[in-house]
Amino acid sequence: MYPFMYYFDPTYILVIIGAIICAIASARVHITYSRYDRVHNRRGVTAEQVADMILRSAGIMDVRIMRVNGNLTDNYNPSNRTLNLSDAVMGKTSVAAIGVAAHECGHAIQDQQNYGPLRLRAISVPLANIGSYLSWPILILGVILGSPKLANIGIIVFLFVIAFELITLPVEFNASHRALKILSESQILERDEVKKARSVLAAAAMTYVAALFSAFLQLFRMILIAGSADRDD
Ligand SMILES: [Zn+2]
């Protein structure tokens, strides 16, 4: 009816909601991390000393602990067997830094024990990449050509992204669970310190839940757009 209606896509609100939820989750991680980055562990050990202790006691001798640039860019890389600790974590004695380092050790232990969801996630990475690159172009092409079939293929391709986000959840929750169990059983951290490390890891886990939720919103948006293409036929 009005010209602007052709230019304003109301389903874009779903993208905005997804982005806001992800931003809140990410802000919570940084707030929680900086709160417990001020609490130093009573044993006075550094994050990389803890990582080294955990890896050795799990019998993992061939994983190197490295420093990686950035803030909370910590990761475990199974392809070159490195445990990468960020500037915010390396050399730090805070319970927050120790929680993050132990979490990455959790991934190294998953790798050592051939943890199924970790393997599945590694397999799903290339498919998820294809999904995130091709789903929208295929969907839009389907809408332009007035082919609901093609538009639906775009949606199906996007399901690889959803599958990846889904399989990430058990991998992340399990790594944190292992980390906190080891930290408390080995008495690296005391009970109240474990509780603080748990808060940091719980906030970090919520970013993966937010990412999954925002992927579902995007899927819903794609279904709406594909459906409107159908009606225009
Ligand atoms: Zn992780």
# chains A, B, ... in the order shown; residues from 1 in each chain; ligands from 1

$ residues_around --residues "range 63-70 of chain A" --least-positions-apart "2" --cutoff "8 Å" --atoms "only C-alpha atoms" --output "PyMOL selection string"
chain A and resi 48+51-52+55+60-61+72-74+81-88+90+108

$ write_last_selection --atoms "N, CA, C and O atoms" --output "short mmCIF file (atom, residue, chain, number, x, y, z; two decimals), in the first residue's frame"
data_model
loop_
_atom_site.label_atom_id
_atom_site.label_comp_id
_atom_site.auth_asym_id
_atom_site.auth_seq_id
_atom_site.Cartn_x
_atom_site.Cartn_y
_atom_site.Cartn_z
N GLU A 48 47.83 -21.31 33.82
CA GLU A 48 48.54 -22.31 33.00
C GLU A 48 49.14 -23.41 33.87
O GLU A 48 49.28 -24.55 33.43
N ALA A 51 46.26 -25.70 34.27
CA ALA A 51 46.05 -26.44 33.02
C ALA A 51 47.07 -27.58 32.92
O ALA A 51 46.72 -28.71 32.58
N ASP A 52 48.31 -27.26 33.23
CA ASP A 52 49.38 -28.25 33.17
C ASP A 52 49.11 -29.41 34.14
O ASP A 52 49.22 -30.58 33.77
N LEU A 55 46.10 -31.54 32.80
CA LEU A 55 46.47 -32.36 31.64
C LEU A 55 47.34 -33.54 32.07
O LEU A 55 47.10 -34.68 31.66
N ILE A 60 47.64 -36.67 29.79
CA ILE A 60 47.83 -36.02 28.49
C ILE A 60 49.17 -35.28 28.53
O ILE A 60 49.34 -34.29 29.22
N MET A 61 50.15 -35.81 27.79
CA MET A 61 51.50 -35.24 27.84
C MET A 61 51.84 -34.47 26.56
O MET A 61 52.83 -33.76 26.52
N LEU A 72 39.59 -13.45 26.23
CA LEU A 72 38.71 -14.63 26.30
C LEU A 72 38.53 -15.32 24.95
O LEU A 72 37.44 -15.70 24.55
N THR A 73 39.65 -15.44 24.24
CA THR A 73 39.66 -16.17 22.97
C THR A 73 40.21 -17.58 23.21
O THR A 73 40.64 -18.25 22.27
N ASP A 74 40.20 -17.99 24.46
CA ASP A 74 40.77 -19.28 24.87
C ASP A 74 40.12 -20.43 24.09
O ASP A 74 38.91 -20.40 23.86
N ARG A 81 46.89 -30.01 18.62
CA ARG A 81 46.99 -30.36 20.04
C ARG A 81 47.64 -29.25 20.86
O ARG A 81 48.66 -29.44 21.52
N THR A 82 46.99 -28.07 20.79
CA THR A 82 47.44 -26.96 21.63
C THR A 82 46.27 -26.47 22.47
O THR A 82 45.12 -26.48 22.02
N LEU A 83 46.60 -26.07 23.68
CA LEU A 83 45.61 -25.47 24.57
C LEU A 83 45.99 -23.99 24.63
O LEU A 83 47.08 -23.64 25.10
N ASN A 84 45.15 -23.17 24.05
CA ASN A 84 45.49 -21.76 23.87
C ASN A 84 44.79 -20.89 24.90
O ASN A 84 43.56 -20.84 24.95
N LEU A 85 45.61 -20.23 25.71
CA LEU A 85 45.05 -19.37 26.76
C LEU A 85 45.23 -17.90 26.36
O LEU A 85 46.29 -17.51 25.88
N SER A 86 44.18 -17.12 26.53
CA SER A 86 44.21 -15.72 26.10
C SER A 86 44.96 -14.84 27.08
O SER A 86 45.29 -15.26 28.20
N ASP A 87 45.20 -13.61 26.67
CA ASP A 87 45.91 -12.64 27.51
C ASP A 87 45.19 -12.44 28.84
O ASP A 87 45.81 -12.17 29.86
N ALA A 88 43.85 -12.57 28.81
CA ALA A 88 43.05 -12.36 30.03
C ALA A 88 43.23 -13.50 31.02
O ALA A 88 42.90 -13.36 32.20
N MET A 90 46.14 -16.17 30.74
CA MET A 90 47.54 -16.60 30.91
C MET A 90 48.22 -15.83 32.05
O MET A 90 48.15 -14.60 32.08
N ALA A 108 40.26 -30.90 26.02
CA ALA A 108 41.40 -31.78 25.72
C ALA A 108 41.11 -33.20 26.21
O ALA A 108 41.44 -34.18 25.53
#

$ residues_around --residues "Ala205 in chain A" --least-positions-apart "2" --cutoff "10 Å" --atoms "only C-alpha atoms" --output "ChimeraX atom specification"
/A:25,29,168-170,172-173,176,199-203,207-210

$ residues_near_ligand --ligand "ligand 1" --cutoff "8 Å" --atoms "only C-alpha atoms and all ligand atoms" --output "NGL selection string"
:A and (75-76 or 103-104 or 106-107 or 171-173 or 175-176)

$ closest_residue --among "A:Gln218, A:His30, A:Ile182, A:Val161" --to "Ile13 in chain A" --atoms "only C-alpha atoms"
A:Gln218

$ atom_distance --atom1 "CA of Val143 in chain A" --atom2 "CA of Met222 in chain A"
10.7 Å

$ closest_residue --among "A:Ala58, A:Ile155, A:Cys22, A:Leu150" --to "Arg221 in chain A" --atoms "only C-alpha atoms"
A:Ile155

$ select_by_dssp --residues "range 8-222 of chain A" --states "helix (DSSP H, G or I)" --output "count of residues only"
154

$ closest_atom_pairs --of "range 117-191 of chain A" --to "range 42-46 of chain A" --cutoff "9 Å" --atoms "only C-alpha atoms" --output "tab-separated table"
residue	atom	partner	partner_atom	distance
A:Ile188	CA	A:Arg43	CA	7.2
A:Leu189	CA	A:Arg43	CA	7.6
A:Glu190	CA	A:Arg42	CA	8.0

$ atom_distance --atom1 "CA of Ile123 in chain A" --atom2 "CA of Arg56 in chain A"
27.7 Å

$ residues_around --residues "Asn129 in chain A" --least-positions-apart "3" --cutoff "12 Å" --atoms "only C-alpha atoms" --output "short mmCIF file (atom, residue, chain, number, x, y, z; two decimals) with C-alpha atoms, in the first residue's frame"
data_model
loop_
_atom_site.label_atom_id
_atom_site.label_comp_id
_atom_site.auth_asym_id
_atom_site.auth_seq_id
_atom_site.Cartn_x
_atom_site.Cartn_y
_atom_site.Cartn_z
CA ALA A 122 34.13 -31.58 14.27
CA ILE A 123 32.34 -33.38 11.42
CA SER A 124 29.53 -30.82 11.35
CA VAL A 125 31.83 -27.75 11.05
CA PRO A 126 32.24 -27.85 7.21
CA SER A 132 25.68 -20.35 6.70
CA TYR A 133 27.11 -19.27 3.30
CA LEU A 134 24.53 -20.82 0.99
CA SER A 135 21.20 -20.90 2.87
CA VAL A 157 20.67 -26.14 4.15
CA PHE A 158 20.33 -23.81 7.15
CA LEU A 159 19.43 -26.82 9.32
CA PHE A 160 23.16 -27.71 9.25
CA VAL A 161 23.79 -24.49 11.17
CA ILE A 162 21.09 -25.41 13.71
CA ALA A 163 22.57 -28.92 14.05
CA PHE A 164 26.00 -27.42 14.72
CA GLU A 165 24.67 -25.04 17.38
#

$ residues_around --residues "Asp111 in chain A" --least-positions-apart "6" --cutoff "9 Å" --atoms "only C-alpha atoms" --output "short mmCIF file (atom, residue, chain, number, x, y, z; two decimals) with all heavy atoms, in the first residue's frame"
data_model
loop_
_atom_site.label_atom_id
_atom_site.label_comp_id
_atom_site.auth_asym_id
_atom_site.auth_seq_id
_atom_site.Cartn_x
_atom_site.Cartn_y
_atom_site.Cartn_z
N PRO A 78 42.23 -29.32 18.66
CA PRO A 78 42.59 -30.73 18.56
C PRO A 78 43.50 -31.05 17.38
O PRO A 78 44.24 -32.03 17.42
CB PRO A 78 41.23 -31.44 18.41
CG PRO A 78 40.25 -30.40 18.02
CD PRO A 78 40.82 -29.06 18.38
N LEU A 118 31.91 -34.31 20.66
CA LEU A 118 33.04 -33.52 20.16
C LEU A 118 33.39 -33.95 18.74
O LEU A 118 33.64 -33.12 17.86
CB LEU A 118 34.27 -33.68 21.07
CG LEU A 118 35.48 -32.81 20.72
CD1 LEU A 118 35.25 -31.37 21.16
CD2 LEU A 118 36.75 -33.35 21.36
N ARG A 119 33.40 -35.27 18.51
CA ARG A 119 33.67 -35.81 17.17
C ARG A 119 32.59 -35.34 16.19
O ARG A 119 32.88 -34.91 15.08
CB ARG A 119 33.68 -37.34 17.21
CG ARG A 119 34.86 -37.92 17.95
CD ARG A 119 36.15 -37.88 17.11
NE ARG A 119 37.30 -38.14 17.95
CZ ARG A 119 38.02 -37.20 18.55
NH1 ARG A 119 37.72 -35.92 18.40
NH2 ARG A 119 39.06 -37.51 19.30
#

$ atom_distance --atom1 "CA of Ala211 in chain A" --atom2 "CA of Lys181 in chain A"
25.9 Å
